[in-house]
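Peer 1: Here you go, this is start10.pdb (PDB, C-alpha atoms and all ligand atoms).
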```pdb
MODEL        1
ATOM      1  CA  MET P  28     150.328 -24.069 -30.241
ATOM      2  CA  ARG P  29     148.068 -22.316 -27.716
ATOM      3  CA  GLY P  30     149.056 -23.126 -24.143
ATOM      4  CA  LYS P  31     151.840 -25.487 -25.252
ATOM      5  CA  ASP P  32     155.468 -25.665 -24.107
ATOM      6  CA  LEU P  33     158.307 -25.056 -26.547
ATOM      7  CA  LEU P  34     161.291 -26.942 -25.123
ATOM      8  CA  SER P  35     162.512 -28.337 -28.426
ATOM      9  CA  ILE P  36     161.929 -27.802 -32.131
ATOM     10  CA  ALA P  37     160.619 -31.375 -31.916
ATOM     11  CA  ASN P  38     157.553 -29.965 -30.087
ATOM     12  CA  LEU P  39     156.529 -28.445 -33.442
ATOM     13  CA  SER P  40     155.445 -29.960 -36.745
ATOM     14  CA  GLY P  41     156.628 -28.754 -40.142
ATOM     15  CA  LYS P  42     153.178 -27.129 -40.452
ATOM     16  CA  ASP P  43     153.599 -25.260 -37.116
ATOM     17  CA  ILE P  44     156.955 -23.932 -38.354
ATOM     18  CA  GLY P  45     155.314 -22.802 -41.613
ATOM     19  CA  LEU P  46     152.623 -20.981 -39.616
ATOM     20  CA  LEU P  47     155.205 -19.275 -37.398
ATOM     21  CA  ILE P  48     157.190 -18.158 -40.465
ATOM     22  CA  SER P  49     154.077 -16.692 -42.026
ATOM     23  CA  ASP P  50     153.025 -14.968 -38.738
ATOM     24  CA  THR P  51     156.564 -13.596 -38.384
ATOM     25  CA  ALA P  52     156.464 -12.210 -41.932
ATOM     26  CA  ASP P  53     153.176 -10.435 -41.155
ATOM     27  CA  MET P  54     154.482  -9.222 -37.804
ATOM     28  CA  LYS P  55     157.585  -7.789 -39.500
ATOM     29  CA  ALA P  56     155.714  -6.248 -42.440
ATOM     30  CA  SER P  57     152.847  -4.566 -40.667
ATOM     31  CA  GLY P  58     152.521  -5.610 -37.054
ATOM     32  CA  TRP P  59     149.483  -7.521 -35.803
ATOM     33  CA  LEU P  60     146.426  -6.578 -33.912
ATOM     34  CA  SER P  61     147.592  -8.931 -31.230
ATOM     35  CA  SER P  62     146.884  -8.015 -27.701
ATOM     36  CA  LEU P  63     148.671  -9.582 -24.791
ATOM     37  CA  ASN P  64     147.066  -7.016 -22.517
ATOM     38  CA  GLY P  65     147.074  -8.226 -18.946
ATOM     39  CA  LYS P  66     149.484 -11.107 -19.711
ATOM     40  CA  THR P  67     152.767 -11.438 -17.843
ATOM     41  CA  LEU P  68     155.854 -13.382 -18.911
ATOM     42  CA  ALA P  69     158.613 -14.392 -16.483
ATOM     43  CA  LEU P  70     162.138 -14.516 -17.910
ATOM     44  CA  LEU P  71     164.063 -16.957 -15.737
ATOM     45  CA  PHE P  72     167.736 -16.889 -16.767
ATOM     46  CA  GLU P  73     170.689 -18.938 -15.463
ATOM     47  CA  LYS P  74     173.046 -17.482 -18.120
ATOM     48  CA  PRO P  75     173.718 -14.043 -19.644
ATOM     49  CA  SER P  76     171.837 -12.807 -22.725
ATOM     50  CA  LEU P  77     171.490  -9.779 -24.979
ATOM     51  CA  ARG P  78     169.253 -10.789 -27.930
ATOM     52  CA  THR P  79     166.990 -13.269 -26.175
ATOM     53  CA  ARG P  80     166.285 -11.142 -23.138
ATOM     54  CA  VAL P  81     165.781  -7.908 -25.080
ATOM     55  CA  SER P  82     163.676  -9.490 -27.842
ATOM     56  CA  PHE P  83     161.351 -11.158 -25.320
ATOM     57  CA  GLU P  84     161.029  -7.950 -23.269
ATOM     58  CA  VAL P  85     160.391  -5.709 -26.280
ATOM     59  CA  ALA P  86     158.010  -8.262 -27.841
ATOM     60  CA  MET P  87     155.838  -8.441 -24.702
ATOM     61  CA  ARG P  88     155.803  -4.655 -24.320
ATOM     62  CA  GLN P  89     154.949  -4.027 -27.987
ATOM     63  CA  LEU P  90     152.045  -6.474 -27.642
ATOM     64  CA  GLY P  91     150.766  -4.773 -24.486
ATOM     65  CA  GLY P  92     151.962  -7.353 -21.947
ATOM     66  CA  GLN P  93     154.347  -7.236 -18.987
ATOM     67  CA  VAL P  94     157.686  -8.929 -18.310
ATOM     68  CA  ILE P  95     159.515  -9.820 -15.124
ATOM     69  CA  TYR P  96     163.225 -10.592 -15.532
ATOM     70  CA  LEU P  97     164.679 -12.935 -12.925
ATOM     71  CA  SER P  98     168.462 -13.017 -12.985
ATOM     72  CA  PRO P  99     170.557 -16.073 -12.007
ATOM     73  CA  ALA P 100     171.452 -14.490  -8.664
ATOM     74  CA  GLU P 101     167.836 -13.710  -7.762
ATOM     75  CA  VAL P 102     166.193 -17.104  -8.045
ATOM     76  CA  GLY P 103     169.056 -19.514  -7.385
ATOM     77  CA  LEU P 104     167.451 -22.439  -9.254
ATOM     78  CA  ASN P 105     168.274 -25.647  -7.401
ATOM     79  CA  LYS P 106     170.271 -23.662  -4.832
ATOM     80  CA  ARG P 107     167.914 -21.311  -3.007
ATOM     81  CA  GLU P 108     164.823 -23.228  -4.135
ATOM     82  CA  SER P 109     164.011 -26.407  -6.041
ATOM     83  CA  VAL P 110     163.081 -26.125  -9.714
ATOM     84  CA  SER P 111     159.710 -27.774  -9.063
ATOM     85  CA  ASP P 112     158.789 -25.257  -6.344
ATOM     86  CA  VAL P 113     159.907 -22.314  -8.514
ATOM     87  CA  ALA P 114     157.678 -23.678 -11.322
ATOM     88  CA  ARG P 115     154.666 -24.036  -9.046
ATOM     89  CA  VAL P 116     155.103 -20.592  -7.485
ATOM     90  CA  LEU P 117     155.629 -18.776 -10.810
ATOM     91  CA  SER P 118     152.534 -20.507 -12.233
ATOM     92  CA  ARG P 119     150.454 -18.670  -9.594
ATOM     93  CA  TYR P 120     151.690 -15.275 -10.840
ATOM     94  CA  VAL P 121     152.490 -15.335 -14.545
ATOM     95  CA  ASP P 122     150.979 -16.562 -17.834
ATOM     96  CA  ALA P 123     154.174 -18.068 -19.311
ATOM     97  CA  ILE P 124     157.826 -18.686 -18.430
ATOM     98  CA  ALA P 125     160.772 -18.294 -20.826
ATOM     99  CA  ALA P 126     163.791 -19.976 -19.230
ATOM    100  CA  ARG P 127     167.487 -20.092 -20.125
ATOM    101  CA  THR P 128     169.174 -22.948 -18.292
ATOM    102  CA  PHE P 129     172.417 -24.889 -18.213
ATOM    103  CA  SER P 130     170.870 -28.358 -18.123
ATOM    104  CA  HIS P 131     168.000 -29.190 -20.472
ATOM    105  CA  GLN P 132     166.619 -31.385 -17.688
ATOM    106  CA  THR P 133     166.013 -28.261 -15.587
ATOM    107  CA  LEU P 134     163.675 -27.048 -18.320
ATOM    108  CA  GLU P 135     161.902 -30.389 -18.451
ATOM    109  CA  VAL P 136     161.292 -30.337 -14.686
ATOM    110  CA  LEU P 137     160.148 -26.720 -14.914
ATOM    111  CA  ALA P 138     157.691 -27.594 -17.685
ATOM    112  CA  SER P 139     156.365 -30.692 -15.966
ATOM    113  CA  CYS P 140     155.718 -28.823 -12.694
ATOM    114  CA  ALA P 141     154.425 -25.518 -14.131
ATOM    115  CA  ASN P 142     150.851 -25.201 -15.267
ATOM    116  CA  VAL P 143     151.683 -22.344 -17.638
ATOM    117  CA  PRO P 144     153.606 -22.739 -20.939
ATOM    118  CA  VAL P 145     157.403 -22.929 -20.679
ATOM    119  CA  ILE P 146     159.563 -21.685 -23.566
ATOM    120  CA  ASN P 147     163.205 -22.750 -23.976
ATOM    121  CA  ALA P 148     165.251 -19.542 -24.177
ATOM    122  CA  LEU P 149     168.416 -21.717 -24.637
ATOM    123  CA  SER P 150     169.608 -24.816 -22.826
ATOM    124  CA  ASP P 151     172.720 -26.921 -23.283
ATOM    125  CA  LEU P 152     170.721 -29.119 -25.693
ATOM    126  CA  GLU P 153     168.700 -26.715 -27.841
ATOM    127  CA  HIS P 154     168.004 -23.114 -28.822
ATOM    128  CA  PRO P 155     164.628 -23.366 -30.576
ATOM    129  CA  CYS P 156     163.781 -19.633 -30.660
ATOM    130  CA  GLN P 157     167.078 -18.954 -32.441
ATOM    131  CA  ALA P 158     166.467 -21.709 -34.996
ATOM    132  CA  LEU P 159     162.936 -20.461 -35.720
ATOM    133  CA  ALA P 160     164.166 -16.907 -36.302
ATOM    134  CA  ASP P 161     166.941 -18.367 -38.490
ATOM    135  CA  LEU P 162     164.470 -20.337 -40.599
ATOM    136  CA  PHE P 163     162.498 -17.119 -41.064
ATOM    137  CA  THR P 164     165.696 -15.253 -42.047
ATOM    138  CA  ILE P 165     166.493 -17.944 -44.624
ATOM    139  CA  TYR P 166     162.927 -17.819 -45.925
ATOM    140  CA  GLU P 167     163.082 -14.048 -46.303
ATOM    141  CA  ASN P 168     166.417 -14.187 -48.149
ATOM    142  CA  LYS P 169     165.772 -17.232 -50.325
ATOM    143  CA  GLY P 170     161.988 -17.215 -50.739
ATOM    144  CA  GLY P 171     161.526 -20.687 -49.223
ATOM    145  CA  LEU P 172     163.260 -23.467 -47.290
ATOM    146  CA  LYS P 173     162.644 -26.736 -49.115
ATOM    147  CA  ASP P 174     165.580 -28.129 -51.114
ATOM    148  CA  LEU P 175     168.011 -25.434 -49.934
ATOM    149  CA  THR P 176     171.284 -26.645 -48.402
ATOM    150  CA  LEU P 177     172.555 -25.297 -45.094
ATOM    151  CA  ALA P 178     176.156 -26.061 -44.102
ATOM    152  CA  PHE P 179     176.779 -25.884 -40.338
ATOM    153  CA  VAL P 180     180.485 -25.776 -39.486
ATOM    154  CA  GLY P 181     181.809 -25.918 -35.913
ATOM    155  CA  ASP P 182     180.545 -27.270 -32.619
ATOM    156  CA  GLY P 183     177.648 -29.754 -32.686
ATOM    157  CA  ASN P 184     175.953 -27.768 -29.935
ATOM    158  CA  ASN P 185     172.507 -26.451 -28.911
ATOM    159  CA  VAL P 186     172.229 -24.200 -31.985
ATOM    160  CA  ALA P 187     173.271 -27.035 -34.345
ATOM    161  CA  HIS P 188     170.712 -29.378 -32.734
ATOM    162  CA  SER P 189     167.776 -26.996 -33.176
ATOM    163  CA  LEU P 190     168.799 -26.158 -36.750
ATOM    164  CA  LEU P 191     169.106 -29.852 -37.572
ATOM    165  CA  LEU P 192     165.585 -30.576 -36.292
ATOM    166  CA  GLY P 193     164.155 -27.441 -37.935
ATOM    167  CA  ALA P 194     165.757 -28.218 -41.300
ATOM    168  CA  SER P 195     164.652 -31.844 -41.278
ATOM    169  CA  LEU P 196     161.046 -30.864 -40.479
ATOM    170  CA  THR P 197     160.913 -28.337 -43.318
ATOM    171  CA  GLY P 198     162.625 -30.204 -46.162
ATOM    172  CA  MET P 199     165.902 -28.279 -46.045
ATOM    173  CA  ASN P 200     169.161 -30.215 -46.525
ATOM    174  CA  LEU P 201     171.713 -29.996 -43.726
ATOM    175  CA  ARG P 202     175.433 -30.711 -43.984
ATOM    176  CA  ILE P 203     177.271 -30.640 -40.669
ATOM    177  CA  ALA P 204     181.060 -30.450 -40.304
ATOM    178  CA  CYS P 205     182.285 -30.885 -36.714
ATOM    179  CA  PRO P 206     185.595 -32.132 -35.305
ATOM    180  CA  GLU P 207     185.774 -35.668 -33.930
ATOM    181  CA  GLY P 208     184.223 -35.757 -30.449
ATOM    182  CA  TYR P 209     182.244 -32.538 -30.993
ATOM    183  CA  GLN P 210     179.554 -33.878 -33.347
ATOM    184  CA  VAL P 211     175.825 -33.445 -32.804
ATOM    185  CA  GLN P 212     174.230 -35.838 -30.335
ATOM    186  CA  GLU P 213     173.240 -39.216 -31.712
ATOM    187  CA  GLN P 214     169.655 -39.018 -30.353
ATOM    188  CA  ILE P 215     169.036 -35.673 -32.142
ATOM    189  CA  LEU P 216     170.572 -36.981 -35.361
ATOM    190  CA  ARG P 217     168.331 -40.081 -35.293
ATOM    191  CA  LEU P 218     165.230 -37.954 -34.711
ATOM    192  CA  ALA P 219     166.215 -35.599 -37.546
ATOM    193  CA  GLU P 220     166.791 -38.566 -39.860
ATOM    194  CA  ARG P 221     163.288 -39.771 -39.055
ATOM    195  CA  TYR P 222     161.810 -36.357 -39.900
ATOM    196  CA  ALA P 223     163.947 -36.198 -43.039
ATOM    197  CA  ARG P 224     162.398 -39.402 -44.380
ATOM    198  CA  ASP P 225     159.013 -37.621 -44.430
ATOM    199  CA  SER P 226     160.126 -34.168 -45.550
ATOM    200  CA  GLY P 227     162.689 -35.231 -48.173
ATOM    201  CA  SER P 228     165.651 -33.483 -46.438
ATOM    202  CA  GLU P 229     169.124 -34.881 -46.875
ATOM    203  CA  ILE P 230     171.428 -34.949 -43.852
ATOM    204  CA  PHE P 231     175.160 -35.384 -44.230
ATOM    205  CA  CYS P 232     177.761 -35.371 -41.418
ATOM    206  CA  THR P 233     181.477 -34.936 -42.082
ATOM    207  CA  LEU P 234     184.720 -33.924 -40.382
ATOM    208  CA  GLU P 235     185.692 -31.743 -43.401
ATOM    209  CA  PRO P 236     184.336 -28.156 -43.656
ATOM    210  CA  PRO P 237     184.903 -27.918 -47.460
ATOM    211  CA  LEU P 238     182.749 -31.026 -48.031
ATOM    212  CA  ALA P 239     179.906 -29.391 -46.099
ATOM    213  CA  ILE P 240     180.252 -25.951 -47.670
ATOM    214  CA  SER P 241     180.730 -26.787 -51.369
ATOM    215  CA  GLY P 242     177.665 -25.555 -53.241
ATOM    216  CA  ALA P 243     175.728 -24.659 -50.058
ATOM    217  CA  ASP P 244     173.076 -21.913 -50.031
ATOM    218  CA  ILE P 245     173.678 -21.007 -46.387
ATOM    219  CA  VAL P 246     176.893 -21.213 -44.355
ATOM    220  CA  TYR P 247     176.299 -21.163 -40.591
ATOM    221  CA  THR P 248     178.641 -21.216 -37.627
ATOM    222  CA  ASP P 249     178.465 -20.640 -33.866
ATOM    223  CA  VAL P 250     180.975 -20.057 -31.083
ATOM    224  CA  TRP P 251     183.451 -22.827 -30.344
ATOM    225  CA  THR P 252     183.006 -22.349 -26.595
ATOM    226  CA  SER P 253     179.415 -22.033 -25.420
ATOM    227  CA  MET P 254     178.277 -20.486 -22.149
ATOM    228  CA  GLY P 255     179.257 -22.801 -19.309
ATOM    229  CA  GLN P 256     182.267 -24.278 -21.174
ATOM    230  CA  GLU P 257     184.646 -21.383 -20.498
ATOM    231  CA  SER P 258     187.241 -23.610 -18.780
ATOM    232  CA  GLU P 259     187.659 -25.533 -22.082
ATOM    233  CA  ALA P 260     188.178 -22.403 -24.211
ATOM    234  CA  ARG P 261     191.904 -22.878 -24.839
ATOM    235  CA  LYS P 262     191.617 -26.545 -25.785
ATOM    236  CA  ARG P 263     188.661 -25.808 -28.015
ATOM    237  CA  ARG P 264     190.513 -23.017 -29.862
ATOM    238  CA  GLN P 265     193.118 -25.623 -30.858
ATOM    239  CA  ILE P 266     190.647 -28.364 -31.780
ATOM    240  CA  PHE P 267     188.430 -26.061 -33.855
ATOM    241  CA  ALA P 268     191.245 -24.125 -35.573
ATOM    242  CA  GLY P 269     190.507 -25.719 -38.977
ATOM    243  CA  TYR P 270     186.805 -24.908 -38.694
ATOM    244  CA  GLN P 271     187.021 -21.122 -38.981
ATOM    245  CA  ILE P 272     184.721 -19.551 -41.578
ATOM    246  CA  ASN P 273     186.628 -17.080 -43.738
ATOM    247  CA  ASN P 274     186.100 -15.707 -47.242
ATOM    248  CA  GLN P 275     188.236 -18.448 -48.777
ATOM    249  CA  LEU P 276     186.056 -21.186 -47.302
ATOM    250  CA  LEU P 277     182.885 -19.196 -48.031
ATOM    251  CA  SER P 278     183.901 -18.963 -51.707
ATOM    252  CA  LEU P 279     183.222 -22.733 -51.995
ATOM    253  CA  ALA P 280     179.526 -22.075 -51.348
ATOM    254  CA  ARG P 281     177.142 -20.843 -54.033
ATOM    255  CA  GLU P 282     177.831 -17.345 -55.299
ATOM    256  CA  ASP P 283     174.600 -16.088 -53.698
ATOM    257  CA  ALA P 284     175.180 -17.944 -50.392
ATOM    258  CA  ILE P 285     174.426 -16.164 -47.136
ATOM    259  CA  PHE P 286     176.494 -16.340 -43.959
ATOM    260  CA  MET P 287     174.717 -16.820 -40.613
ATOM    261  CA  HIS P 288     175.723 -16.754 -36.931
ATOM    262  CA  PRO P 289     173.409 -16.495 -33.890
ATOM    263  CA  LEU P 290     175.780 -14.026 -32.128
ATOM    264  CA  PRO P 291     177.559 -13.227 -29.877
ATOM    265  CA  ALA P 292     180.529 -13.841 -32.212
ATOM    266  CA  HIS P 293     184.119 -14.333 -31.180
ATOM    267  CA  HIS P 294     185.731 -12.264 -33.946
ATOM    268  CA  GLY P 295     188.784 -13.955 -35.448
ATOM    269  CA  GLN P 296     187.935 -17.350 -33.937
ATOM    270  CA  GLU P 297     184.981 -19.165 -35.537
ATOM    271  CA  VAL P 298     184.612 -16.379 -38.120
ATOM    272  CA  THR P 299     186.882 -13.697 -39.536
ATOM    273  CA  ASP P 300     185.829 -10.045 -39.608
ATOM    274  CA  ASP P 301     185.890  -9.962 -43.407
ATOM    275  CA  THR P 302     183.223 -12.701 -43.546
ATOM    276  CA  LEU P 303     181.173 -11.291 -40.677
ATOM    277  CA  ASP P 304     181.127  -7.873 -42.365
ATOM    278  CA  SER P 305     180.793  -9.172 -45.945
ATOM    279  CA  PRO P 306     177.696  -8.536 -48.102
ATOM    280  CA  ALA P 307     176.855 -12.243 -47.644
ATOM    281  CA  SER P 308     176.448 -11.803 -43.889
ATOM    282  CA  VAL P 309     172.878 -11.586 -42.545
ATOM    283  CA  VAL P 310     173.817 -11.862 -38.867
ATOM    284  CA  PHE P 311     172.160  -8.600 -37.811
ATOM    285  CA  ASP P 312     168.977  -9.495 -39.720
ATOM    286  CA  GLN P 313     168.967 -12.731 -37.743
ATOM    287  CA  ALA P 314     169.240 -10.703 -34.529
ATOM    288  CA  GLU P 315     166.413  -8.363 -35.590
ATOM    289  CA  ASN P 316     164.229 -11.283 -36.622
ATOM    290  CA  ARG P 317     164.427 -12.689 -33.089
ATOM    291  CA  LEU P 318     162.033  -9.863 -32.145
ATOM    292  CA  HIS P 319     159.492 -10.496 -34.935
ATOM    293  CA  LEU P 320     159.596 -14.263 -34.364
ATOM    294  CA  THR P 321     159.168 -13.854 -30.605
ATOM    295  CA  LYS P 322     156.107 -11.653 -31.126
ATOM    296  CA  ALA P 323     154.583 -14.298 -33.407
ATOM    297  CA  LEU P 324     155.478 -17.137 -31.031
ATOM    298  CA  LEU P 325     154.142 -15.432 -27.892
ATOM    299  CA  SER P 326     150.952 -14.493 -29.714
ATOM    300  CA  GLU P 327     150.407 -18.095 -30.832
ATOM    301  CA  ILE P 328     151.211 -19.558 -27.402
ATOM    302  CA  LEU P 329     149.356 -16.975 -25.330
ATOM    303  CA  GLY P 330     146.484 -16.710 -27.766
ATOM    304  CA  GLY P 331     146.620 -13.021 -28.593
ATOM    305  CA  LEU P 332     146.781 -13.368 -32.362
ATOM    306  CA  GLU P 333     143.846 -11.727 -34.087
ATOM    307  CA  MET P 334     144.618 -10.377 -37.555
ATOM    308  CA  PRO P 335     147.355  -8.569 -39.474
ATOM    309  CA  LEU P 336     147.172  -4.834 -38.855
ATOM    310  CA  ALA P 337     147.166  -4.313 -42.645
ATOM    311  CA  ASN P 338     143.751  -6.084 -42.856
ATOM    312  CA  TYR P 339     142.204  -4.069 -40.030
ATOM    313  CA  HIS P 340     139.793  -1.263 -41.002
TER
HETATM  314  N1  LIG C   1     171.677 -15.482 -30.029
HETATM  315  C1  LIG C   1     171.363 -15.377 -28.726
HETATM  316  O1  LIG C   1     170.588 -16.160 -28.156
HETATM  317  O2  LIG C   1     171.935 -14.316 -28.109
HETATM  318  P1  LIG C   1     171.929 -14.019 -26.533
HETATM  319  O3  LIG C   1     172.721 -15.097 -25.881
HETATM  320  O4  LIG C   1     172.563 -12.659 -26.406
HETATM  321  O5  LIG C   1     170.508 -14.020 -26.057
HETATM  322  N1  LIG C   2     176.077 -22.014 -28.420
HETATM  323  C1  LIG C   2     176.006 -20.723 -27.798
HETATM  324  C2  LIG C   2     174.828 -19.958 -28.330
HETATM  325  C3  LIG C   2     174.673 -18.573 -27.799
HETATM  326  C4  LIG C   2     173.493 -17.863 -28.357
HETATM  327  C5  LIG C   2     175.930 -20.892 -26.293
HETATM  328  O1  LIG C   2     175.210 -21.782 -25.822
HETATM  329  O2  LIG C   2     176.594 -20.120 -25.590
ENDMDL
END
```
Would you mind giving the structure from this file in structure tokens?
Ligand code: CP
Ligand code: NVA
Peer 2:
Amino acid sequence: MRGKDLLSIANLSGKDIGLLISDTADMKASGWLSSLNGKTLALLFEKPSLRTRVSFEVAMRQLGGQVIYLSPAEVGLNKRESVSDVARVLSRYVDAIAARTFSHQTLEVLASCANVPVINALSDLEHPCQALADLFTIYENKGGLKDLTLAFVGDGNNVAHSLLLGASLTGMNLRIACPEGYQVQEQILRLAERYARDSGSEIFCTLEPPLAISGADIVYTDVWTSMGQESEARKRRQIFAGYQINNQLLSLAREDAIFMHPLPAHHGQEVTDDTLDSPASVVFDQAENRLHLTKALLSEILGGLEMPLANYH
């Protein structure tokens, strides 16, 4: 992974994901003797963020590195300056760029013009750092990934895409229930089906939430209106009304099922408060695990990983 971009989960193999999960477990248990001393990460964001920004900043600082946050207003990607020039300039100053963009193509241009690694901190197509932290959260709750069944209910969006690719690379089954017209993109589904043939995952798409959730080990949802789609919020609330996760729907899953959401949540829309606050909910563990995963990821990409602190004498 050293020096590589992470624009999509498809940039990783099942083995890379396994390594990141194991690094994250070590990072969470005991910390690592991983020094990013002298390294600087630029956070280039076109959209707001709480978890992603804070977890990247804290991760770099805990590992001894520096961060520069560049807000949407500051850089003006494609407005004040072209994406390719921003990439070439930042490459002269920093060791890596984590970018949150509207269009996934912006990230691709950034990565092709930068000569430092570019990490996708969320685009309209994917949210790989979230999916990796989620896979770790599932692993820590269930003791593995293979042969588990994750039911994703809601919008076939960036989060659904990265989960679909991550599950199909690691042998986890994915059932996706989305309304007509809001399903996952065909190209991502085809890629996931290809991975699934090797890993043994089963992928099932439906319009009916109960069909996805029945007997599932993990029930996952995300907002109905993602950042950048605010003008569609009213229409989406109507279209997605039957896709709300509540305790009644959750009761169709296995008794020991966990509930997941990347946050921020729109309480009372895609999920009710009783589900969000139920013992099944691991949403704040997911948020915490963003930090541990980011430390593992940055250490792998920037090459600071040495050994688990527990083994250091
Ligand atoms: N889950 C997530 O990416 O949160 P933020 O948008 O707050 O970074
Ligand atoms: N699908 C959401 C995820 C936020 C973390 C969005 O893109 O806004």
Peer 1: Which of these, P:Gly295, P:Pro237, P:Pro289, P:Gly92, has the shortest distance to ligand LIG 1 (chain C) once you count all atoms listed in the file?
Peer 2: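 Between P:Gly295, P:Pro237, P:Pro289, P:Gly92, the residue approaching ligand LIG 1 (chain C) most closely is P:Pro289.
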Peer 1: Choose the residue, out of P:Thr164, P:Ser253, P:Ser326, P:Ser258, that has the smallest atom-to-atom separation from P:Phe311; count all atoms listed in the file.
Peer 2: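 The answer is P:Thr164, which sits nearest to P:Phe311.
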Peer 1: Given the PyMOL selection byres (((chain P and resi 82) around 10) and not hetatm) and the file above, list the residues it selects as number ranges by chain.
Peer 2: P: 77-81, 83-88, 314-322
Peer 1: Return as a list in words the set of residues that the PyMOL selection byres (((chain P and resi 173) around 12) and not hetatm) yields on the displayed structure.
Peer 2: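 Selected by the PyMOL selection byres (((chain P and resi 173) around 12) and not hetatm) here: Gly41, Gly45, Leu162, Ile165, Tyr166, Lys169, Gly170, Gly171, Leu172, Asp174, Leu175, Thr176, Leu177, Gly193, Ala194, Ser195, Leu196, Thr197, Gly198, Met199, Asn200, Leu201, Ala223, Ser226, Gly227, Ser228, Glu229 and Asp244 of chain P.
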Peer 1: Take the residues that were just selected and, keeping C-alpha atoms, output them as a PDB file, in the frame of the given file.
Peer 2:
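Contents of again-v5.pdb, freshly written:
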```pdb
ATOM      1  CA  GLY P  41     156.628 -28.754 -40.142  1.00  0.00           C
ATOM      2  CA  GLY P  45     155.314 -22.802 -41.613  1.00  0.00           C
ATOM      3  CA  LEU P 162     164.470 -20.337 -40.599  1.00  0.00           C
ATOM      4  CA  ILE P 165     166.493 -17.944 -44.624  1.00  0.00           C
ATOM      5  CA  TYR P 166     162.927 -17.819 -45.925  1.00  0.00           C
ATOM      6  CA  LYS P 169     165.772 -17.232 -50.325  1.00  0.00           C
ATOM      7  CA  GLY P 170     161.988 -17.215 -50.739  1.00  0.00           C
ATOM      8  CA  GLY P 171     161.526 -20.687 -49.223  1.00  0.00           C
ATOM      9  CA  LEU P 172     163.260 -23.467 -47.290  1.00  0.00           C
ATOM     10  CA  ASP P 174     165.580 -28.129 -51.114  1.00  0.00           C
ATOM     11  CA  LEU P 175     168.011 -25.434 -49.934  1.00  0.00           C
ATOM     12  CA  THR P 176     171.284 -26.645 -48.402  1.00  0.00           C
ATOM     13  CA  LEU P 177     172.555 -25.297 -45.094  1.00  0.00           C
ATOM     14  CA  GLY P 193     164.155 -27.441 -37.935  1.00  0.00           C
ATOM     15  CA  ALA P 194     165.757 -28.218 -41.300  1.00  0.00           C
ATOM     16  CA  SER P 195     164.652 -31.844 -41.278  1.00  0.00           C
ATOM     17  CA  LEU P 196     161.046 -30.864 -40.479  1.00  0.00           C
ATOM     18  CA  THR P 197     160.913 -28.337 -43.318  1.00  0.00           C
ATOM     19  CA  GLY P 198     162.625 -30.204 -46.162  1.00  0.00           C
ATOM     20  CA  MET P 199     165.902 -28.279 -46.045  1.00  0.00           C
ATOM     21  CA  ASN P 200     169.161 -30.215 -46.525  1.00  0.00           C
ATOM     22  CA  LEU P 201     171.713 -29.996 -43.726  1.00  0.00           C
ATOM     23  CA  ALA P 223     163.947 -36.198 -43.039  1.00  0.00           C
ATOM     24  CA  SER P 226     160.126 -34.168 -45.550  1.00  0.00           C
ATOM     25  CA  GLY P 227     162.689 -35.231 -48.173  1.00  0.00           C
ATOM     26  CA  SER P 228     165.651 -33.483 -46.438  1.00  0.00           C
ATOM     27  CA  GLU P 229     169.124 -34.881 -46.875  1.00  0.00           C
ATOM     28  CA  ASP P 244     173.076 -21.913 -50.031  1.00  0.00           C
TER      29      ASP P 244
END
```
Peer 1: How would you report the residues lying within 12 Å of ligand LIG 2 (chain C), as a compact mmCIF listing (two decimals) with C-alpha atoms, in the coordinates of the input, if you count all atoms listed in the file?
Peer 2:
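Final file, out25.txt:
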```txt
# COMPACT_ATOMS: atom_id res chain seq x y z
CA GLU P 73 170.69 -18.94 -15.46
CA LYS P 74 173.05 -17.48 -18.12
CA PRO P 75 173.72 -14.04 -19.64
CA SER P 76 171.84 -12.81 -22.72
CA LEU P 77 171.49 -9.78 -24.98
CA ARG P 78 169.25 -10.79 -27.93
CA THR P 79 166.99 -13.27 -26.18
CA ARG P 80 166.28 -11.14 -23.14
CA ARG P 127 167.49 -20.09 -20.12
CA THR P 128 169.17 -22.95 -18.29
CA PHE P 129 172.42 -24.89 -18.21
CA SER P 130 170.87 -28.36 -18.12
CA HIS P 131 168.00 -29.19 -20.47
CA ALA P 148 165.25 -19.54 -24.18
CA LEU P 149 168.42 -21.72 -24.64
CA SER P 150 169.61 -24.82 -22.83
CA ASP P 151 172.72 -26.92 -23.28
CA LEU P 152 170.72 -29.12 -25.69
CA GLU P 153 168.70 -26.72 -27.84
CA HIS P 154 168.00 -23.11 -28.82
CA PRO P 155 164.63 -23.37 -30.58
CA CYS P 156 163.78 -19.63 -30.66
CA GLN P 157 167.08 -18.95 -32.44
CA ALA P 158 166.47 -21.71 -35.00
CA GLY P 181 181.81 -25.92 -35.91
CA ASP P 182 180.54 -27.27 -32.62
CA GLY P 183 177.65 -29.75 -32.69
CA ASN P 184 175.95 -27.77 -29.94
CA ASN P 185 172.51 -26.45 -28.91
CA VAL P 186 172.23 -24.20 -31.98
CA ALA P 187 173.27 -27.04 -34.34
CA HIS P 188 170.71 -29.38 -32.73
CA SER P 189 167.78 -27.00 -33.18
CA LEU P 190 168.80 -26.16 -36.75
CA THR P 248 178.64 -21.22 -37.63
CA ASP P 249 178.46 -20.64 -33.87
CA VAL P 250 180.98 -20.06 -31.08
CA TRP P 251 183.45 -22.83 -30.34
CA THR P 252 183.01 -22.35 -26.60
CA SER P 253 179.42 -22.03 -25.42
CA MET P 254 178.28 -20.49 -22.15
CA GLY P 255 179.26 -22.80 -19.31
CA GLN P 256 182.27 -24.28 -21.17
CA GLU P 257 184.65 -21.38 -20.50
CA ALA P 260 188.18 -22.40 -24.21
CA HIS P 288 175.72 -16.75 -36.93
CA PRO P 289 173.41 -16.50 -33.89
CA LEU P 290 175.78 -14.03 -32.13
CA PRO P 291 177.56 -13.23 -29.88
CA ALA P 292 180.53 -13.84 -32.21
CA HIS P 293 184.12 -14.33 -31.18
CA GLU P 297 184.98 -19.16 -35.54
CA GLN P 313 168.97 -12.73 -37.74
CA ALA P 314 169.24 -10.70 -34.53
CA ARG P 317 164.43 -12.69 -33.09
```
